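Data from entry.cif: mmCIF, N, CA and C atoms
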```cif
data_coords
#
loop_
_atom_site.label_atom_id
_atom_site.label_comp_id
_atom_site.auth_asym_id
_atom_site.auth_seq_id
_atom_site.Cartn_x
_atom_site.Cartn_y
_atom_site.Cartn_z
N MET A 1 140.79 47.74 160.17
CA MET A 1 140.58 47.88 158.74
C MET A 1 139.30 48.67 158.51
N ASP A 2 139.36 49.68 157.67
CA ASP A 2 138.17 50.46 157.33
C ASP A 2 137.58 49.94 156.03
N GLU A 3 136.26 49.84 156.02
CA GLU A 3 135.54 49.46 154.81
C GLU A 3 134.45 50.49 154.59
N HIS A 4 133.99 50.60 153.37
CA HIS A 4 132.94 51.57 153.06
C HIS A 4 131.67 50.82 152.69
N ASP A 5 130.54 51.32 153.23
CA ASP A 5 129.28 50.70 152.86
C ASP A 5 128.71 51.41 151.64
N GLU A 6 127.50 51.03 151.24
CA GLU A 6 126.92 51.57 150.01
C GLU A 6 126.64 53.07 150.08
N ARG A 7 126.59 53.66 151.27
CA ARG A 7 126.35 55.10 151.39
C ARG A 7 127.63 55.90 151.38
N GLY A 8 128.77 55.21 151.38
CA GLY A 8 130.03 55.91 151.34
C GLY A 8 130.55 56.32 152.71
N THR A 9 129.91 55.88 153.79
CA THR A 9 130.40 56.20 155.11
C THR A 9 131.39 55.12 155.54
N THR A 10 132.24 55.46 156.47
CA THR A 10 133.27 54.53 156.91
C THR A 10 132.75 53.64 158.03
N MET A 11 133.02 52.34 157.91
CA MET A 11 132.69 51.39 158.95
C MET A 11 133.99 50.80 159.45
N THR A 12 134.17 50.78 160.77
CA THR A 12 135.37 50.17 161.31
C THR A 12 135.04 48.77 161.79
N GLY A 13 136.04 47.93 161.77
CA GLY A 13 135.86 46.56 162.23
C GLY A 13 135.74 45.59 161.08
N VAL A 14 135.89 44.34 161.44
CA VAL A 14 135.81 43.26 160.46
C VAL A 14 134.35 42.93 160.21
N GLU A 15 134.03 42.62 158.98
CA GLU A 15 132.68 42.17 158.63
C GLU A 15 132.29 41.03 159.57
N PRO A 16 131.14 41.11 160.25
CA PRO A 16 130.77 40.08 161.23
C PRO A 16 130.79 38.65 160.69
N GLY A 17 130.42 38.46 159.45
CA GLY A 17 130.41 37.13 158.86
C GLY A 17 131.79 36.52 158.72
N ARG A 18 132.82 37.34 158.78
CA ARG A 18 134.21 36.86 158.66
C ARG A 18 134.84 36.53 160.00
N LEU A 19 134.16 36.84 161.10
CA LEU A 19 134.66 36.55 162.44
C LEU A 19 134.37 35.10 162.80
N ASP A 20 135.30 34.44 163.50
CA ASP A 20 134.95 33.11 164.01
C ASP A 20 134.08 33.31 165.26
N ASP A 21 133.52 32.23 165.80
CA ASP A 21 132.58 32.34 166.91
C ASP A 21 133.18 33.05 168.12
N GLN A 22 134.42 32.75 168.44
CA GLN A 22 135.07 33.36 169.60
C GLN A 22 135.28 34.86 169.38
N GLN A 23 135.69 35.24 168.18
CA GLN A 23 135.88 36.66 167.87
C GLN A 23 134.55 37.40 167.90
N LEU A 24 133.51 36.76 167.37
CA LEU A 24 132.18 37.39 167.37
C LEU A 24 131.72 37.66 168.80
N MET A 25 131.88 36.68 169.69
CA MET A 25 131.48 36.88 171.08
C MET A 25 132.28 37.99 171.74
N LYS A 26 133.56 38.07 171.45
CA LYS A 26 134.40 39.13 172.02
C LYS A 26 133.93 40.50 171.53
N GLU A 27 133.62 40.60 170.24
CA GLU A 27 133.11 41.87 169.68
C GLU A 27 131.77 42.24 170.32
N LEU A 28 130.89 41.26 170.51
CA LEU A 28 129.60 41.53 171.15
C LEU A 28 129.78 42.00 172.59
N GLU A 29 130.66 41.34 173.32
CA GLU A 29 130.91 41.75 174.70
C GLU A 29 131.44 43.18 174.76
N THR A 30 132.34 43.51 173.87
CA THR A 30 132.92 44.86 173.84
C THR A 30 131.86 45.90 173.51
N ILE A 31 131.06 45.65 172.49
CA ILE A 31 130.08 46.66 172.08
C ILE A 31 129.00 46.85 173.12
N HIS A 32 128.62 45.77 173.80
CA HIS A 32 127.63 45.92 174.86
C HIS A 32 128.22 46.66 176.06
N ARG A 33 129.48 46.43 176.35
CA ARG A 33 130.14 47.11 177.47
C ARG A 33 130.25 48.61 177.22
N THR A 34 130.44 49.02 175.97
CA THR A 34 130.62 50.44 175.65
C THR A 34 129.31 51.15 175.32
N ARG A 35 128.21 50.42 175.30
CA ARG A 35 126.92 50.99 174.88
C ARG A 35 126.49 52.18 175.73
N HIS A 36 126.53 52.02 177.03
CA HIS A 36 126.02 53.06 177.92
C HIS A 36 126.76 54.38 177.74
N ASP A 37 128.09 54.33 177.71
CA ASP A 37 128.86 55.55 177.52
C ASP A 37 128.61 56.18 176.16
N THR A 38 128.45 55.35 175.13
CA THR A 38 128.19 55.89 173.80
C THR A 38 126.84 56.60 173.77
N LEU A 39 125.84 56.00 174.40
CA LEU A 39 124.52 56.61 174.46
C LEU A 39 124.55 57.93 175.21
N LEU A 40 125.22 57.95 176.35
CA LEU A 40 125.22 59.16 177.18
C LEU A 40 126.14 60.26 176.67
N TYR A 41 127.31 59.88 176.14
CA TYR A 41 128.33 60.87 175.87
C TYR A 41 128.81 60.95 174.43
N GLY A 42 128.41 60.00 173.59
CA GLY A 42 128.88 60.00 172.22
C GLY A 42 128.15 61.01 171.35
N SER A 43 128.79 61.41 170.28
CA SER A 43 128.14 62.29 169.31
C SER A 43 127.03 61.53 168.60
N ASN A 44 126.20 62.24 167.88
CA ASN A 44 125.14 61.58 167.11
C ASN A 44 125.74 60.60 166.10
N ASP A 45 126.84 60.99 165.47
CA ASP A 45 127.51 60.09 164.53
C ASP A 45 128.04 58.85 165.22
N ALA A 46 128.64 59.03 166.39
CA ALA A 46 129.17 57.88 167.14
C ALA A 46 128.05 56.93 167.53
N LEU A 47 126.92 57.47 167.96
CA LEU A 47 125.78 56.63 168.33
C LEU A 47 125.22 55.90 167.12
N ARG A 48 125.15 56.58 165.98
CA ARG A 48 124.66 55.94 164.76
C ARG A 48 125.55 54.78 164.35
N VAL A 49 126.86 55.01 164.36
CA VAL A 49 127.81 53.95 163.99
C VAL A 49 127.72 52.80 164.99
N HIS A 50 127.62 53.13 166.27
CA HIS A 50 127.50 52.10 167.31
C HIS A 50 126.25 51.26 167.08
N ASN A 51 125.12 51.93 166.80
CA ASN A 51 123.87 51.22 166.53
C ASN A 51 124.01 50.26 165.35
N GLU A 52 124.61 50.76 164.28
CA GLU A 52 124.77 49.94 163.07
C GLU A 52 125.67 48.73 163.33
N ARG A 53 126.78 48.96 164.02
CA ARG A 53 127.71 47.86 164.30
C ARG A 53 127.07 46.84 165.24
N MET A 54 126.36 47.32 166.26
CA MET A 54 125.71 46.40 167.18
C MET A 54 124.66 45.57 166.45
N ALA A 55 123.90 46.18 165.58
CA ALA A 55 122.89 45.44 164.81
C ALA A 55 123.54 44.39 163.92
N GLN A 56 124.66 44.74 163.30
CA GLN A 56 125.37 43.77 162.45
C GLN A 56 125.86 42.58 163.26
N LEU A 57 126.49 42.86 164.39
CA LEU A 57 127.04 41.79 165.23
C LEU A 57 125.94 40.92 165.81
N GLU A 58 124.88 41.55 166.33
CA GLU A 58 123.78 40.78 166.90
C GLU A 58 123.07 39.97 165.82
N GLY A 59 122.90 40.56 164.64
CA GLY A 59 122.28 39.83 163.53
C GLY A 59 123.08 38.60 163.15
N GLU A 60 124.40 38.73 163.12
CA GLU A 60 125.26 37.60 162.80
C GLU A 60 125.17 36.53 163.88
N TYR A 61 125.13 36.94 165.13
CA TYR A 61 125.00 35.97 166.23
C TYR A 61 123.68 35.20 166.09
N LEU A 62 122.59 35.91 165.84
CA LEU A 62 121.29 35.26 165.69
C LEU A 62 121.24 34.35 164.47
N ARG A 63 121.91 34.75 163.39
CA ARG A 63 121.97 33.90 162.20
C ARG A 63 122.67 32.59 162.51
N ARG A 64 123.74 32.67 163.28
CA ARG A 64 124.50 31.46 163.62
C ARG A 64 123.83 30.61 164.69
N ASN A 65 122.98 31.22 165.49
CA ASN A 65 122.38 30.53 166.64
C ASN A 65 120.85 30.65 166.62
N PRO A 66 120.21 30.15 165.58
CA PRO A 66 118.76 30.31 165.49
C PRO A 66 118.00 29.56 166.59
N ARG A 67 118.62 28.56 167.17
CA ARG A 67 117.96 27.77 168.21
C ARG A 67 118.58 28.00 169.58
N ARG A 68 119.07 29.23 169.81
CA ARG A 68 119.69 29.53 171.10
C ARG A 68 118.67 29.33 172.21
N SER A 69 119.16 28.98 173.39
CA SER A 69 118.24 28.75 174.50
C SER A 69 117.69 30.09 174.98
N VAL A 70 116.43 30.10 175.31
CA VAL A 70 115.76 31.30 175.79
C VAL A 70 115.25 31.01 177.19
N SER A 71 115.63 31.84 178.13
CA SER A 71 115.17 31.69 179.51
C SER A 71 113.69 32.03 179.60
N PRO A 72 112.88 31.16 180.19
CA PRO A 72 111.44 31.44 180.30
C PRO A 72 111.15 32.77 180.99
N GLY A 73 112.01 33.18 181.93
CA GLY A 73 111.80 34.44 182.62
C GLY A 73 112.05 35.66 181.76
N ARG A 74 112.66 35.46 180.58
CA ARG A 74 112.96 36.57 179.68
C ARG A 74 111.92 36.71 178.57
N THR A 75 110.77 36.07 178.73
CA THR A 75 109.68 36.19 177.76
C THR A 75 108.57 37.05 178.38
N ARG A 76 107.62 37.47 177.57
CA ARG A 76 106.50 38.26 178.11
C ARG A 76 105.70 37.45 179.12
N ASP A 77 105.43 36.17 178.79
CA ASP A 77 104.69 35.34 179.74
C ASP A 77 105.43 35.19 181.05
N GLY A 78 106.75 34.99 180.98
CA GLY A 78 107.55 34.86 182.19
C GLY A 78 107.52 36.13 183.02
N ALA A 79 107.57 37.27 182.36
CA ALA A 79 107.52 38.55 183.08
C ALA A 79 106.16 38.74 183.74
N ARG A 80 105.09 38.34 183.06
CA ARG A 80 103.75 38.46 183.64
C ARG A 80 103.60 37.58 184.88
N GLU A 81 104.22 36.41 184.86
CA GLU A 81 104.14 35.51 186.01
C GLU A 81 104.80 36.10 187.24
N ARG A 82 105.79 36.97 187.04
CA ARG A 82 106.48 37.60 188.17
C ARG A 82 105.67 38.72 188.79
N MET A 83 104.70 39.26 188.04
CA MET A 83 103.90 40.39 188.54
C MET A 83 102.86 39.87 189.53
N PRO A 84 102.72 40.52 190.69
CA PRO A 84 101.81 40.02 191.72
C PRO A 84 100.35 39.96 191.30
N SER A 85 99.87 40.94 190.56
CA SER A 85 98.45 40.97 190.18
C SER A 85 98.25 40.84 188.69
N GLY A 86 99.22 40.34 187.97
CA GLY A 86 99.08 40.19 186.53
C GLY A 86 99.41 41.45 185.77
N ARG A 87 98.82 41.58 184.60
CA ARG A 87 99.17 42.66 183.67
C ARG A 87 98.70 44.03 184.11
N ASP A 88 97.73 44.11 185.02
CA ASP A 88 97.18 45.41 185.41
C ASP A 88 98.05 46.14 186.43
N GLN A 89 99.04 45.46 186.98
CA GLN A 89 99.90 46.05 187.99
C GLN A 89 100.81 47.11 187.35
N ALA A 90 100.85 48.31 187.93
CA ALA A 90 101.72 49.38 187.44
C ALA A 90 103.15 49.10 187.86
N PRO A 91 104.12 49.50 187.05
CA PRO A 91 105.52 49.30 187.43
C PRO A 91 105.88 50.12 188.66
N VAL A 92 106.80 49.61 189.43
CA VAL A 92 107.25 50.29 190.64
C VAL A 92 108.75 50.55 190.48
N GLY A 93 109.22 51.62 191.05
CA GLY A 93 110.63 51.94 190.98
C GLY A 93 110.86 53.27 190.33
N LYS A 94 111.99 53.38 189.70
CA LYS A 94 112.43 54.66 189.13
C LYS A 94 111.37 55.28 188.23
N TRP A 95 110.71 54.48 187.40
CA TRP A 95 109.76 55.03 186.44
C TRP A 95 108.32 54.74 186.83
N GLY A 96 108.09 54.17 188.01
CA GLY A 96 106.74 53.82 188.45
C GLY A 96 106.06 54.94 189.20
N PRO A 97 104.94 54.62 189.86
CA PRO A 97 104.17 55.62 190.60
C PRO A 97 105.02 56.33 191.65
N GLY A 98 104.80 57.61 191.80
CA GLY A 98 105.51 58.38 192.80
C GLY A 98 106.94 58.74 192.42
N ALA A 99 107.32 58.46 191.18
CA ALA A 99 108.68 58.73 190.76
C ALA A 99 108.90 60.20 190.41
N GLY A 100 107.83 60.99 190.39
CA GLY A 100 107.96 62.39 190.01
C GLY A 100 107.94 62.53 188.51
N GLY A 101 108.20 63.71 188.04
CA GLY A 101 108.21 63.93 186.59
C GLY A 101 106.81 64.01 186.05
N VAL A 102 106.63 63.74 184.79
CA VAL A 102 105.35 63.84 184.11
C VAL A 102 104.38 62.84 184.71
N GLY A 103 103.23 63.28 185.15
CA GLY A 103 102.20 62.42 185.67
C GLY A 103 102.52 61.79 187.02
N GLY A 104 103.63 62.22 187.68
CA GLY A 104 104.03 61.55 188.91
C GLY A 104 103.82 62.30 190.11
#
```

Turn the structure described in the file into structure tokens.
Amino acid sequence: MDEHDERGTTMTGVEPGRLDDQQLMKELETIHRTRHDTLLYGSNDALRVHNERMAQLEGEYLRRNPRRSVSPGRTRDGARERMPSGRDQAPVGKWGPGAGGVGG
């Protein structure tokens, strides 16, 4: 079903607030699965629509689950605890020292 937002552009999909919890999770799984290809190969319009839809779906999920469990390792403090020398340690890997490119 196509609906129009206030700018007159077409939005595909059901309004997130009208989805039941199972449908919402399925939509979130689908949009996250297609994210990488949309970013790499989609047109600017496709990426814009994808961004808007993902924000709507994620916003609805957060609205329904304000007290969702958060893994301690997925916080800034948890990430700092994993670093061997604390916050001053430079990242290692693809974008870290010796990776080439600008400043490398």

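Atom C of Glu29 in chain A sits 25.7 Å away from atom N of Ala79 in chain A.
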
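Among the candidates A:Arg80, A:Gln56, A:Ser69, A:Leu62, the residue lying nearest to Glu15 in chain A is A:Gln56 (atoms considered: only N, CA and C atoms).
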
>> Could you tell me how far CA of Arg67 in chain A sits from CA of Glu81 in chain A, in Å to one decimal place?
In response: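 Going from CA of Glu81 in chain A over to CA of Arg67 in chain A covers 23.8 Å.
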
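Here atom N of Gly78 in chain A stands at a distance of 19.1 Å from atom C of Pro66 in chain A.
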
Applying the PyMOL selection byres (((chain A and resi 52-55 and name CA) around 12) and name CA) to the file I just gave you, which residues come out? Please list them as a PDB file with N, CA and C atoms, in the frame of the given file.
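Listing of selection_30.pdb after writing:
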```pdb
ATOM      1  N   ASP A   5     130.540  51.320 153.230  1.00  0.00           N
ATOM      2  CA  ASP A   5     129.280  50.700 152.860  1.00  0.00           C
ATOM      3  C   ASP A   5     128.710  51.410 151.640  1.00  0.00           C
ATOM      4  N   THR A   9     129.910  55.880 153.790  1.00  0.00           N
ATOM      5  CA  THR A   9     130.400  56.200 155.110  1.00  0.00           C
ATOM      6  C   THR A   9     131.390  55.120 155.540  1.00  0.00           C
ATOM      7  N   THR A  10     132.240  55.460 156.470  1.00  0.00           N
ATOM      8  CA  THR A  10     133.270  54.530 156.910  1.00  0.00           C
ATOM      9  C   THR A  10     132.750  53.640 158.030  1.00  0.00           C
ATOM     10  N   MET A  11     133.020  52.340 157.910  1.00  0.00           N
ATOM     11  CA  MET A  11     132.690  51.390 158.950  1.00  0.00           C
ATOM     12  C   MET A  11     133.990  50.800 159.450  1.00  0.00           C
ATOM     13  N   THR A  12     134.170  50.780 160.770  1.00  0.00           N
ATOM     14  CA  THR A  12     135.370  50.170 161.310  1.00  0.00           C
ATOM     15  C   THR A  12     135.040  48.770 161.790  1.00  0.00           C
ATOM     16  N   GLY A  13     136.040  47.930 161.770  1.00  0.00           N
ATOM     17  CA  GLY A  13     135.860  46.560 162.230  1.00  0.00           C
ATOM     18  C   GLY A  13     135.740  45.590 161.080  1.00  0.00           C
ATOM     19  N   VAL A  14     135.890  44.340 161.440  1.00  0.00           N
ATOM     20  CA  VAL A  14     135.810  43.260 160.460  1.00  0.00           C
ATOM     21  C   VAL A  14     134.350  42.930 160.210  1.00  0.00           C
ATOM     22  N   GLU A  15     134.030  42.620 158.980  1.00  0.00           N
ATOM     23  CA  GLU A  15     132.680  42.170 158.630  1.00  0.00           C
ATOM     24  C   GLU A  15     132.290  41.030 159.570  1.00  0.00           C
ATOM     25  N   PRO A  16     131.140  41.110 160.250  1.00  0.00           N
ATOM     26  CA  PRO A  16     130.770  40.080 161.230  1.00  0.00           C
ATOM     27  C   PRO A  16     130.790  38.650 160.690  1.00  0.00           C
ATOM     28  N   LEU A  24     133.510  36.760 167.370  1.00  0.00           N
ATOM     29  CA  LEU A  24     132.180  37.390 167.370  1.00  0.00           C
ATOM     30  C   LEU A  24     131.720  37.660 168.800  1.00  0.00           C
ATOM     31  N   MET A  25     131.880  36.680 169.690  1.00  0.00           N
ATOM     32  CA  MET A  25     131.480  36.880 171.080  1.00  0.00           C
ATOM     33  C   MET A  25     132.280  37.990 171.740  1.00  0.00           C
ATOM     34  N   GLU A  27     133.620  40.600 170.240  1.00  0.00           N
ATOM     35  CA  GLU A  27     133.110  41.870 169.680  1.00  0.00           C
ATOM     36  C   GLU A  27     131.770  42.240 170.320  1.00  0.00           C
ATOM     37  N   LEU A  28     130.890  41.260 170.510  1.00  0.00           N
ATOM     38  CA  LEU A  28     129.600  41.530 171.150  1.00  0.00           C
ATOM     39  C   LEU A  28     129.780  42.000 172.590  1.00  0.00           C
ATOM     40  N   GLU A  29     130.660  41.340 173.320  1.00  0.00           N
ATOM     41  CA  GLU A  29     130.910  41.750 174.700  1.00  0.00           C
ATOM     42  C   GLU A  29     131.440  43.180 174.760  1.00  0.00           C
ATOM     43  N   THR A  30     132.340  43.510 173.870  1.00  0.00           N
ATOM     44  CA  THR A  30     132.920  44.860 173.840  1.00  0.00           C
ATOM     45  C   THR A  30     131.860  45.900 173.510  1.00  0.00           C
ATOM     46  N   ILE A  31     131.060  45.650 172.490  1.00  0.00           N
ATOM     47  CA  ILE A  31     130.080  46.660 172.080  1.00  0.00           C
ATOM     48  C   ILE A  31     129.000  46.850 173.120  1.00  0.00           C
ATOM     49  N   HIS A  32     128.620  45.770 173.800  1.00  0.00           N
ATOM     50  CA  HIS A  32     127.630  45.920 174.860  1.00  0.00           C
ATOM     51  C   HIS A  32     128.220  46.660 176.060  1.00  0.00           C
ATOM     52  N   ARG A  33     129.480  46.430 176.350  1.00  0.00           N
ATOM     53  CA  ARG A  33     130.140  47.110 177.470  1.00  0.00           C
ATOM     54  C   ARG A  33     130.250  48.610 177.220  1.00  0.00           C
ATOM     55  N   THR A  34     130.440  49.020 175.970  1.00  0.00           N
ATOM     56  CA  THR A  34     130.620  50.440 175.650  1.00  0.00           C
ATOM     57  C   THR A  34     129.310  51.150 175.320  1.00  0.00           C
ATOM     58  N   ARG A  35     128.210  50.420 175.300  1.00  0.00           N
ATOM     59  CA  ARG A  35     126.920  50.990 174.880  1.00  0.00           C
ATOM     60  C   ARG A  35     126.490  52.180 175.730  1.00  0.00           C
ATOM     61  N   THR A  38     128.450  55.350 175.130  1.00  0.00           N
ATOM     62  CA  THR A  38     128.190  55.890 173.800  1.00  0.00           C
ATOM     63  C   THR A  38     126.840  56.600 173.770  1.00  0.00           C
ATOM     64  N   ASP A  45     126.840  60.990 165.470  1.00  0.00           N
ATOM     65  CA  ASP A  45     127.510  60.090 164.530  1.00  0.00           C
ATOM     66  C   ASP A  45     128.040  58.850 165.220  1.00  0.00           C
ATOM     67  N   ALA A  46     128.640  59.030 166.390  1.00  0.00           N
ATOM     68  CA  ALA A  46     129.170  57.880 167.140  1.00  0.00           C
ATOM     69  C   ALA A  46     128.050  56.930 167.530  1.00  0.00           C
ATOM     70  N   LEU A  47     126.920  57.470 167.960  1.00  0.00           N
ATOM     71  CA  LEU A  47     125.780  56.630 168.330  1.00  0.00           C
ATOM     72  C   LEU A  47     125.220  55.900 167.120  1.00  0.00           C
ATOM     73  N   ARG A  48     125.150  56.580 165.980  1.00  0.00           N
ATOM     74  CA  ARG A  48     124.660  55.940 164.760  1.00  0.00           C
ATOM     75  C   ARG A  48     125.550  54.780 164.350  1.00  0.00           C
ATOM     76  N   VAL A  49     126.860  55.010 164.360  1.00  0.00           N
ATOM     77  CA  VAL A  49     127.810  53.950 163.990  1.00  0.00           C
ATOM     78  C   VAL A  49     127.720  52.800 164.990  1.00  0.00           C
ATOM     79  N   HIS A  50     127.620  53.130 166.270  1.00  0.00           N
ATOM     80  CA  HIS A  50     127.500  52.100 167.310  1.00  0.00           C
ATOM     81  C   HIS A  50     126.250  51.260 167.080  1.00  0.00           C
ATOM     82  N   ASN A  51     125.120  51.930 166.800  1.00  0.00           N
ATOM     83  CA  ASN A  51     123.870  51.220 166.530  1.00  0.00           C
ATOM     84  C   ASN A  51     124.010  50.260 165.350  1.00  0.00           C
ATOM     85  N   GLN A  56     124.660  44.740 163.300  1.00  0.00           N
ATOM     86  CA  GLN A  56     125.370  43.770 162.450  1.00  0.00           C
ATOM     87  C   GLN A  56     125.860  42.580 163.260  1.00  0.00           C
ATOM     88  N   LEU A  57     126.490  42.860 164.390  1.00  0.00           N
ATOM     89  CA  LEU A  57     127.040  41.790 165.230  1.00  0.00           C
ATOM     90  C   LEU A  57     125.940  40.920 165.810  1.00  0.00           C
ATOM     91  N   GLU A  58     124.880  41.550 166.330  1.00  0.00           N
ATOM     92  CA  GLU A  58     123.780  40.780 166.900  1.00  0.00           C
ATOM     93  C   GLU A  58     123.070  39.970 165.820  1.00  0.00           C
ATOM     94  N   GLY A  59     122.900  40.560 164.640  1.00  0.00           N
ATOM     95  CA  GLY A  59     122.280  39.830 163.530  1.00  0.00           C
ATOM     96  C   GLY A  59     123.080  38.600 163.150  1.00  0.00           C
ATOM     97  N   GLU A  60     124.400  38.730 163.120  1.00  0.00           N
ATOM     98  CA  GLU A  60     125.260  37.600 162.800  1.00  0.00           C
ATOM     99  C   GLU A  60     125.170  36.530 163.880  1.00  0.00           C
ATOM    100  N   TYR A  61     125.130  36.940 165.130  1.00  0.00           N
ATOM    101  CA  TYR A  61     125.000  35.970 166.230  1.00  0.00           C
ATOM    102  C   TYR A  61     123.680  35.200 166.090  1.00  0.00           C
ATOM    103  N   LEU A  62     122.590  35.910 165.840  1.00  0.00           N
ATOM    104  CA  LEU A  62     121.290  35.260 165.690  1.00  0.00           C
ATOM    105  C   LEU A  62     121.240  34.350 164.470  1.00  0.00           C
ATOM    106  N   ARG A  63     121.910  34.750 163.390  1.00  0.00           N
ATOM    107  CA  ARG A  63     121.970  33.900 162.200  1.00  0.00           C
ATOM    108  C   ARG A  63     122.670  32.590 162.510  1.00  0.00           C
TER     109      ARG A  63
END
```

Model the absent atoms of range 48-55 of chain A so that all heavy atoms are present, and write the result as a compact mmCIF listing (two decimals), in the frame of the given file.
```txt
# COMPACT_ATOMS: atom_id res chain seq x y z
N ARG A 48 125.15 56.58 165.98
CA ARG A 48 124.66 55.94 164.76
C ARG A 48 125.55 54.78 164.35
O ARG A 48 125.08 53.68 164.06
CB ARG A 48 124.57 56.96 163.62
CG ARG A 48 124.08 56.35 162.30
CD ARG A 48 124.16 57.35 161.15
NE ARG A 48 125.47 57.97 161.02
CZ ARG A 48 126.54 57.35 160.48
NH1 ARG A 48 126.46 56.11 160.05
NH2 ARG A 48 127.69 57.99 160.37
N VAL A 49 126.86 55.01 164.36
CA VAL A 49 127.81 53.95 163.99
C VAL A 49 127.72 52.80 164.99
O VAL A 49 127.74 51.63 164.61
CB VAL A 49 129.25 54.52 163.90
CG1 VAL A 49 130.28 53.41 163.78
CG2 VAL A 49 129.35 55.48 162.72
N HIS A 50 127.62 53.13 166.27
CA HIS A 50 127.50 52.10 167.31
C HIS A 50 126.25 51.26 167.08
O HIS A 50 126.29 50.03 167.15
CB HIS A 50 127.47 52.78 168.68
CG HIS A 50 127.85 51.90 169.81
ND1 HIS A 50 126.96 51.10 170.46
CD2 HIS A 50 129.05 51.70 170.42
CE1 HIS A 50 127.58 50.44 171.43
NE2 HIS A 50 128.85 50.79 171.42
N ASN A 51 125.12 51.93 166.80
CA ASN A 51 123.87 51.22 166.53
C ASN A 51 124.01 50.26 165.35
O ASN A 51 123.56 49.11 165.40
CB ASN A 51 122.74 52.20 166.23
CG ASN A 51 122.25 52.93 167.45
OD1 ASN A 51 122.48 52.52 168.57
ND2 ASN A 51 121.57 54.05 167.21
N GLU A 52 124.61 50.76 164.28
CA GLU A 52 124.77 49.94 163.07
C GLU A 52 125.67 48.73 163.33
O GLU A 52 125.35 47.61 162.94
CB GLU A 52 125.34 50.78 161.93
CG GLU A 52 124.35 51.80 161.40
CD GLU A 52 124.96 52.78 160.42
OE1 GLU A 52 126.16 52.65 160.07
OE2 GLU A 52 124.24 53.70 159.98
N ARG A 53 126.78 48.96 164.02
CA ARG A 53 127.71 47.86 164.30
C ARG A 53 127.07 46.84 165.24
O ARG A 53 127.19 45.64 165.03
CB ARG A 53 129.01 48.42 164.90
CG ARG A 53 130.04 47.37 165.23
CD ARG A 53 130.58 46.70 163.99
NE ARG A 53 131.69 45.80 164.34
CZ ARG A 53 132.23 44.96 163.50
NH1 ARG A 53 131.81 44.89 162.25
NH2 ARG A 53 133.21 44.17 163.87
N MET A 54 126.36 47.32 166.26
CA MET A 54 125.71 46.40 167.18
C MET A 54 124.66 45.57 166.45
O MET A 54 124.57 44.36 166.67
CB MET A 54 125.08 47.16 168.35
CG MET A 54 124.56 46.21 169.41
SD MET A 54 124.27 46.95 171.04
CE MET A 54 123.41 48.42 170.67
N ALA A 55 123.90 46.18 165.58
CA ALA A 55 122.89 45.44 164.81
C ALA A 55 123.54 44.39 163.92
O ALA A 55 123.03 43.27 163.79
CB ALA A 55 122.04 46.41 163.99
```
